[in-house]
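Peer 1: Input file: work27.csv. Contents: CSV, C-alpha atoms and all ligand atoms.
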chain,number,residue,atom,x,y,z
A,1,MET,CA,-1.9,-16.9,-21.6
A,2,GLY,CA,-2.1,-15.3,-18.1
A,3,ILE,CA,-2.1,-11.7,-17.0
A,4,LEU,CA,1.7,-11.4,-16.6
A,5,THR,CA,3.5,-10.4,-19.8
A,6,ASP,CA,7.1,-11.1,-20.9
A,7,ASP,CA,8.1,-7.5,-20.0
A,8,MET,CA,6.5,-7.8,-16.6
A,9,ARG,CA,8.5,-11.0,-16.0
A,10,ARG,CA,11.7,-9.3,-17.2
A,11,VAL,CA,11.3,-6.4,-14.8
A,12,ILE,CA,10.5,-8.6,-11.8
A,13,ASP,CA,13.3,-11.1,-12.6
A,14,GLU,CA,15.9,-8.3,-13.2
A,15,GLN,CA,15.0,-6.1,-10.2
A,16,ARG,CA,14.4,-8.7,-7.6
A,17,LEU,CA,12.7,-6.1,-5.4
A,18,GLY,CA,9.0,-5.4,-5.0
A,19,PHE,CA,7.4,-2.8,-2.7
A,20,ILE,CA,4.4,-4.4,-1.1
A,21,ALA,CA,1.4,-2.4,0.1
A,22,THR,CA,-1.1,-3.9,2.5
A,23,VAL,CA,-3.8,-2.4,4.7
A,24,THR,CA,-3.7,-2.4,8.5
A,25,PRO,CA,-6.7,-3.6,10.5
A,26,ASP,CA,-7.5,0.0,11.3
A,27,GLY,CA,-7.3,1.0,7.6
A,28,LYS,CA,-3.9,2.5,7.4
A,29,PRO,CA,-1.4,1.8,4.6
A,30,ASN,CA,1.6,-0.4,5.2
A,31,LEU,CA,4.4,-0.5,2.6
A,32,SER,CA,7.6,-2.6,2.8
A,33,PRO,CA,10.2,-3.9,0.4
A,34,LYS,CA,10.6,-7.6,-0.4
A,35,GLY,CA,13.7,-8.7,-2.2
A,36,THR,CA,12.2,-12.2,-2.7
A,37,THR,CA,9.5,-10.8,-5.0
A,38,THR,CA,9.3,-13.1,-8.0
A,39,VAL,CA,6.9,-14.6,-10.6
A,40,TRP,CA,5.4,-17.9,-9.7
A,41,ASP,CA,3.3,-18.6,-12.8
A,42,ASP,CA,1.4,-16.7,-15.5
A,43,ASP,CA,-1.0,-15.2,-13.0
A,44,HIS,CA,0.8,-15.3,-9.6
A,45,LEU,CA,3.6,-13.5,-7.9
A,46,VAL,CA,5.2,-14.7,-4.7
A,47,PHE,CA,7.4,-13.4,-1.9
A,48,ALA,CA,8.8,-14.8,1.3
A,49,ASP,CA,8.1,-13.7,4.8
A,50,ILE,CA,11.5,-13.6,6.4
A,51,ALA,CA,11.0,-10.6,8.7
A,52,SER,CA,7.6,-9.2,7.7
A,53,PRO,CA,5.2,-9.6,10.7
A,54,ASN,CA,3.0,-6.6,9.8
A,55,THR,CA,2.5,-7.6,6.2
A,56,ILE,CA,1.4,-11.1,7.3
A,57,LEU,CA,-0.9,-9.8,10.0
A,58,ASN,CA,-2.5,-7.4,7.6
A,59,LEU,CA,-3.1,-10.0,4.9
A,60,ARG,CA,-4.7,-12.4,7.4
A,61,ALA,CA,-7.3,-9.7,8.1
A,62,ASN,CA,-7.5,-8.3,4.5
A,63,PRO,CA,-5.9,-10.2,1.6
A,64,SER,CA,-5.9,-7.1,-0.7
A,65,ILE,CA,-2.4,-6.3,-1.9
A,66,GLU,CA,-0.5,-4.1,-4.3
A,67,ILE,CA,3.0,-4.7,-5.5
A,68,ASN,CA,5.1,-2.2,-7.4
A,69,VAL,CA,8.3,-3.2,-9.3
A,70,VAL,CA,10.3,-0.5,-11.1
A,71,ASP,CA,13.2,-0.8,-13.5
A,72,GLN,CA,15.6,1.7,-11.8
A,73,THR,CA,17.5,2.7,-15.0
A,74,LEU,CA,14.6,2.6,-17.5
A,75,ARG,CA,12.4,4.4,-14.9
A,76,LYS,CA,9.4,2.3,-16.0
A,77,GLY,CA,7.7,-0.5,-14.1
A,78,TYR,CA,4.4,-2.1,-13.1
A,79,ARG,CA,1.7,-1.9,-10.5
A,80,PHE,CA,0.1,-5.2,-9.6
A,81,LYS,CA,-3.1,-5.4,-7.6
A,82,GLY,CA,-4.5,-8.6,-6.4
A,83,VAL,CA,-5.4,-11.0,-3.7
A,84,ALA,CA,-2.9,-12.7,-1.4
A,85,GLU,CA,-2.9,-16.1,0.2
A,86,VAL,CA,-0.5,-16.7,3.1
A,87,LEU,CA,1.0,-20.2,3.0
A,88,GLY,CA,2.6,-21.5,6.2
A,89,GLU,CA,2.8,-25.2,5.3
A,90,GLY,CA,1.6,-27.8,2.8
A,91,GLU,CA,2.5,-28.9,-0.8
A,92,ARG,CA,2.6,-25.4,-2.3
A,93,PHE,CA,4.6,-24.1,0.6
A,94,ASP,CA,7.2,-26.9,0.1
A,95,ALA,CA,7.4,-26.3,-3.6
A,96,ILE,CA,8.0,-22.6,-3.2
A,97,MET,CA,10.6,-23.3,-0.4
A,98,GLN,CA,12.4,-25.6,-2.9
A,99,PHE,CA,12.3,-22.9,-5.5
A,100,TYR,CA,14.0,-20.3,-3.2
A,101,ARG,CA,16.5,-22.8,-1.9
A,102,ARG,CA,17.5,-23.8,-5.5
A,103,ARG,CA,17.9,-20.1,-6.2
A,104,GLY,CA,20.3,-19.8,-3.2
A,105,SER,CA,18.2,-18.1,-0.5
A,106,ALA,CA,19.6,-19.3,2.8
A,107,ASN,CA,17.3,-17.3,5.2
A,108,PRO,CA,14.7,-19.1,7.3
A,109,MET,CA,11.3,-18.4,5.7
A,110,LYS,CA,8.2,-18.5,7.8
A,111,HIS,CA,5.5,-18.0,5.2
A,112,PHE,CA,5.2,-17.5,1.5
A,113,VAL,CA,2.7,-15.0,0.1
A,114,LEU,CA,1.2,-16.1,-3.1
A,115,VAL,CA,-0.5,-13.2,-5.0
A,116,LYS,CA,-3.2,-13.7,-7.6
A,117,VAL,CA,-2.7,-10.7,-9.9
A,118,GLU,CA,-6.1,-9.3,-10.9
A,119,HIS,CA,-5.0,-6.1,-12.4
A,120,ALA,CA,-1.6,-5.1,-13.8
A,121,ALA,CA,-0.8,-1.6,-15.1
A,122,ALA,CA,2.4,0.0,-16.5
A,123,VAL,CA,3.8,3.0,-14.5
A,124,PHE,CA,6.4,5.3,-16.0
A,125,SER,CA,8.4,8.3,-14.9
A,126,PRO,CA,7.2,11.8,-15.9
A,127,ALA,CA,10.7,12.1,-17.6
A,128,TYR,CA,9.0,10.5,-20.6
A,129,ASP,CA,6.4,13.3,-20.6
A,130,LEU,CA,9.3,15.6,-21.6
A,131,GLY,CA,9.8,13.6,-24.8
A,132,ARG,CA,12.9,11.7,-23.7
A,133,THR,CA,13.6,8.3,-25.3
A,134,GLU,CA,14.2,5.1,-23.3
A,135,ALA,CA,17.8,5.3,-24.4
A,136,GLU,CA,18.2,8.8,-23.1
A,137,VAL,CA,16.6,8.1,-19.7
A,138,THR,CA,18.6,4.9,-19.4
A,139,ALA,CA,21.9,6.7,-20.2
A,140,LEU,CA,21.2,9.4,-17.6
A,141,TRP,CA,20.4,6.9,-14.8
A,142,GLU,CA,23.2,4.5,-15.7
A,143,ARG,CA,25.6,7.5,-15.2
A,144,HIS,CA,23.9,8.3,-11.9
A,145,TRP,CA,24.5,4.8,-10.6
A,146,ASP,CA,28.1,4.7,-12.0
A,147,ASP,CA,28.9,8.0,-10.3
A,148,LEU,CA,27.4,6.8,-7.0
A,149,ARG,CA,29.5,3.6,-7.1
A,150,ARG,CA,32.6,5.6,-7.9
A,151,ARG,CA,31.9,8.2,-5.2
A,152,ARG,CA,31.4,5.4,-2.6
A,153,ALA,CA,34.6,3.6,-3.6
A,154,THR,CA,36.6,6.9,-3.5
A,155,ALA,CA,35.3,7.8,-0.1
A,156,ARG,CA,36.0,4.4,1.2
A,157,GLU,CA,39.5,4.3,-0.1
A,158,ALA,CA,40.4,7.7,1.2
A,159,GLY,CA,39.1,7.2,4.6
A,160,ASP,CA,40.2,3.5,4.8
A,161,ALA,CA,43.8,4.3,4.1
A,162,ILE,CA,44.1,6.5,7.2
A,163,LEU,CA,42.0,4.2,9.4
A,164,THR,CA,43.8,1.1,8.2
A,165,ARG,CA,47.2,2.5,9.0
A,166,ALA,CA,46.2,3.2,12.6
A,167,ALA,CA,44.4,-0.2,12.9
A,168,THR,CA,47.4,-2.1,11.5
A,169,GLU,CA,49.7,-0.4,14.0
A,170,GLN,CA,47.1,-1.1,16.7
A,171,ARG,CA,46.8,2.5,17.9
A,172,ASP,CA,44.3,5.3,17.9
A,173,LEU,CA,44.4,8.0,15.2
A,174,THR,CA,46.8,10.8,16.0
A,175,ALA,CA,45.3,14.3,16.1
A,176,ASP,CA,46.9,15.0,12.7
A,177,GLU,CA,45.4,11.9,11.2
A,178,LEU,CA,42.0,12.6,12.6
A,179,ALA,CA,42.2,16.1,11.1
A,180,GLN,CA,43.3,14.6,7.7
A,181,TYR,CA,40.4,12.1,7.9
A,182,GLN,CA,37.9,14.8,8.7
A,183,GLN,CA,39.3,16.9,5.8
A,184,ARG,CA,38.8,14.0,3.4
A,185,VAL,CA,35.3,13.6,4.5
A,186,VAL,CA,34.6,17.3,4.0
A,187,GLU,CA,36.3,17.2,0.5
A,188,GLN,CA,34.3,14.2,-0.4
A,189,ARG,CA,31.1,15.8,0.7
A,190,GLU,CA,31.8,18.9,-1.4
A,191,ALA,CA,32.6,16.8,-4.4
A,192,ASP,CA,29.4,14.8,-3.9
A,193,ASP,CA,27.3,18.0,-3.6
A,194,ALA,CA,28.8,19.4,-6.8
A,195,LEU,CA,28.1,16.2,-8.7
A,196,GLU,CA,24.7,15.9,-7.3
A,197,ALA,CA,23.8,19.5,-8.2
A,198,GLU,CA,24.9,18.8,-11.8
A,199,ARG,CA,23.0,15.5,-11.9
A,200,ASP,CA,19.9,17.1,-10.5
A,201,ARG,CA,19.9,19.7,-13.2
A,202,GLU,CA,20.2,17.0,-15.9
A,203,LEU,CA,17.6,14.7,-14.5
A,204,ALA,CA,15.1,17.5,-13.9
A,205,VAL,CA,11.9,15.5,-13.6
A,206,ALA,CA,12.7,11.8,-13.5
B,301,LIG,C1,16.0,-4.4,0.0
B,301,LIG,C2,15.2,-5.1,1.1
B,301,LIG,C3,14.7,-6.4,0.8
B,301,LIG,C4,13.9,-7.0,1.7
B,301,LIG,N1,13.4,-8.2,1.4
B,301,LIG,C5,12.6,-8.9,2.3
B,301,LIG,C6,11.9,-10.1,1.9
B,301,LIG,O1,12.0,-10.6,0.8
B,301,LIG,N2,11.2,-10.7,2.9
B,301,LIG,C7,11.0,-10.2,4.1
B,301,LIG,O2,10.3,-10.8,4.9
B,301,LIG,N3,11.6,-9.0,4.5
B,301,LIG,C8,12.4,-8.4,3.6
B,301,LIG,N4,13.0,-7.2,3.9
B,301,LIG,C9,12.8,-6.7,5.3
B,301,LIG,C10,11.4,-6.1,5.5
B,301,LIG,O3,11.1,-5.2,4.5
B,301,LIG,C11,11.4,-5.4,6.9
B,301,LIG,O4,11.7,-6.3,7.9
B,301,LIG,C12,10.1,-4.6,7.1
B,301,LIG,O5,10.2,-3.8,8.3
B,301,LIG,C13,8.9,-5.6,7.2
B,301,LIG,O6,7.8,-4.8,7.5
B,301,LIG,P1,6.3,-5.4,7.5
B,301,LIG,O7,6.2,-6.3,8.7
B,301,LIG,O8,5.5,-4.2,7.5
B,301,LIG,O9,6.2,-6.2,6.2
B,301,LIG,C14,13.7,-6.5,3.0
B,301,LIG,C15,14.2,-5.2,3.3
B,301,LIG,C16,15.0,-4.5,2.3
B,301,LIG,C17,15.5,-3.2,2.6
Once more with this new file: its structure as structure tokens, please.
Ligand SMILES: Cc1cc2nc3c(=O)[nH]c(=O)nc-3n(C[C@H](O)[C@H](O)[C@H](O)COP(=O)(O)O)c2cc1C
Peer 2:
Amino acid sequence: MGILTDDMRRVIDEQRLGFIATVTPDGKPNLSPKGTTTVWDDDHLVFADIASPNTILNLRANPSIEINVVDQTLRKGYRFKGVAEVLGEGERFDAIMQFYRRRGSANPMKHFVLVKVEHAAAVFSPAYDLGRTEAEVTALWERHWDDLRRRRATAREAGDAILTRAATEQRDLTADELAQYQQRVVEQREADDALEAERDRELAVA
């Protein structure tokens, strides 16, 4: 058995987003998200360089790397520290390319970064220090994401109706429509603020 446990695999597979820390040649931190972060085998993670020139430059000078992946509703995740190998061609490069293509990634990929995980540690929100259960934390955050989706949809629909009418009729917004549109935006913002204040109180430390 390797270093990566079933739960680590689950979080990585489900989230499909890792935050990747490298060190610049002058010793500064460099952190950037990679949606291609995935498990390669029992001891290795991998991600694709699609648009990550600094990460690649840094790793060529210093292969030390840390990757964080967090379950956004459970508010728990993992920190992986290890050593990275940058692959730009060859058998392993081809095998990893095939894997991403089969998964449906259409972007051009310049390199793959294969990370040997040397140390893996759990990381969890201080919300758990307050004695909350996983079910309670999950329920709070699922509501948060549901609210966010609803708010975005409502704002889109309200604004869209006015904009679409003018666009369909191929004309600019009238002064009245513009005022209505701006009023919708203000109302939406007030509703958002109220919801957010309520949610902030509930989430406290999370
Ligand atoms: C959600 C998200 C996922 C991303 N996934 C990737 C990825 O898998 N590969 C990649 O090269 N860039 C990805 N990017 C873009 C890079 O993070 C971005 O180009 C960044 O500026 C690269 O910085 P770096 O050169 O310091 O790595 C992603 C960005 C976001 C917001």
Peer 1: Do a neighbour search on range 58-63 of chain A at 6 Å with all atoms listed in the file, toss out local chain neighbours closer than 6 positions, and write the hits as a short mmCIF file (atom, residue, chain, number, x, y, z; two decimals) with C-alpha atoms, keeping the file's coordinate frame.
Peer 2:
data_model
loop_
_atom_site.label_atom_id
_atom_site.label_comp_id
_atom_site.auth_asym_id
_atom_site.auth_seq_id
_atom_site.Cartn_x
_atom_site.Cartn_y
_atom_site.Cartn_z
CA VAL A 23 -3.80 -2.40 4.70
CA THR A 24 -3.70 -2.40 8.50
CA VAL A 83 -5.40 -11.00 -3.70
CA ALA A 84 -2.90 -12.70 -1.40
#
Peer 1: Could you pull out the residues sitting within 10 Å of ligand LIG 301 (chain B), using all atoms listed in the file, and write them as a PyMOL selection string?
Peer 2: chain A and resi 16-24+29-38+46-58+105+107-113
Peer 1: Would you list the contacts of Asp43 in chain A as number ranges by chain, taking every protein, DNA or RNA residue within 10 Å and counting only C-alpha atoms, but skipping same-chain residues closer than 2 positions in sequence?
Peer 2: A: 1-5, 39-41, 45, 82, 115-119
Peer 1: Do you have the CA of Asp146 in chain A-CA of Arg165 in chain A distance handy?
Peer 2: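 Interatomic distance, CA of Asp146 in chain A to CA of Arg165 in chain A: 28.5 Å.
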Peer 1: I want to know what sits within 12 Å of Gln180 in chain A, based on only C-alpha atoms, with residues of the same chain fewer than 3 positions away left out; could you give that as a list in words?
Peer 2: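 Here the qualifying residues turn out to be Ala158, Gly159, Asp160, Ala161, Ile162, Leu163, Leu173, Thr174, Ala175, Asp176, Glu177, Gln183, Arg184, Val185, Val186 and Glu187 of chain A.
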Peer 1: I need the residue nearest His144 in chain A from this list: A:Asp129, A:Glu91, A:Asp6, A:Glu198. Use only C-alpha atoms for the distance.
Peer 2: A:Glu198
Peer 1: So which one's closest to Met8 in chain A, A:Leu114, A:Ala135, A:Ala122, A:Ile96? Using only C-alpha atoms, please.
Peer 2: A:Ala122
Peer 1: Rank nothing, just name the residue among A:Ala106, A:Ile12, A:Ala95, A:Ala139 nearest to Ile67 in chain A, using only C-alpha atoms.
Peer 2: A:Ile12
Peer 1: Any idea what the distance is between CA of Glu142 in chain A and CA of Ala197 in chain A?
Peer 2: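 CA of Ala197 in chain A lies 16.8 Å from CA of Glu142 in chain A.
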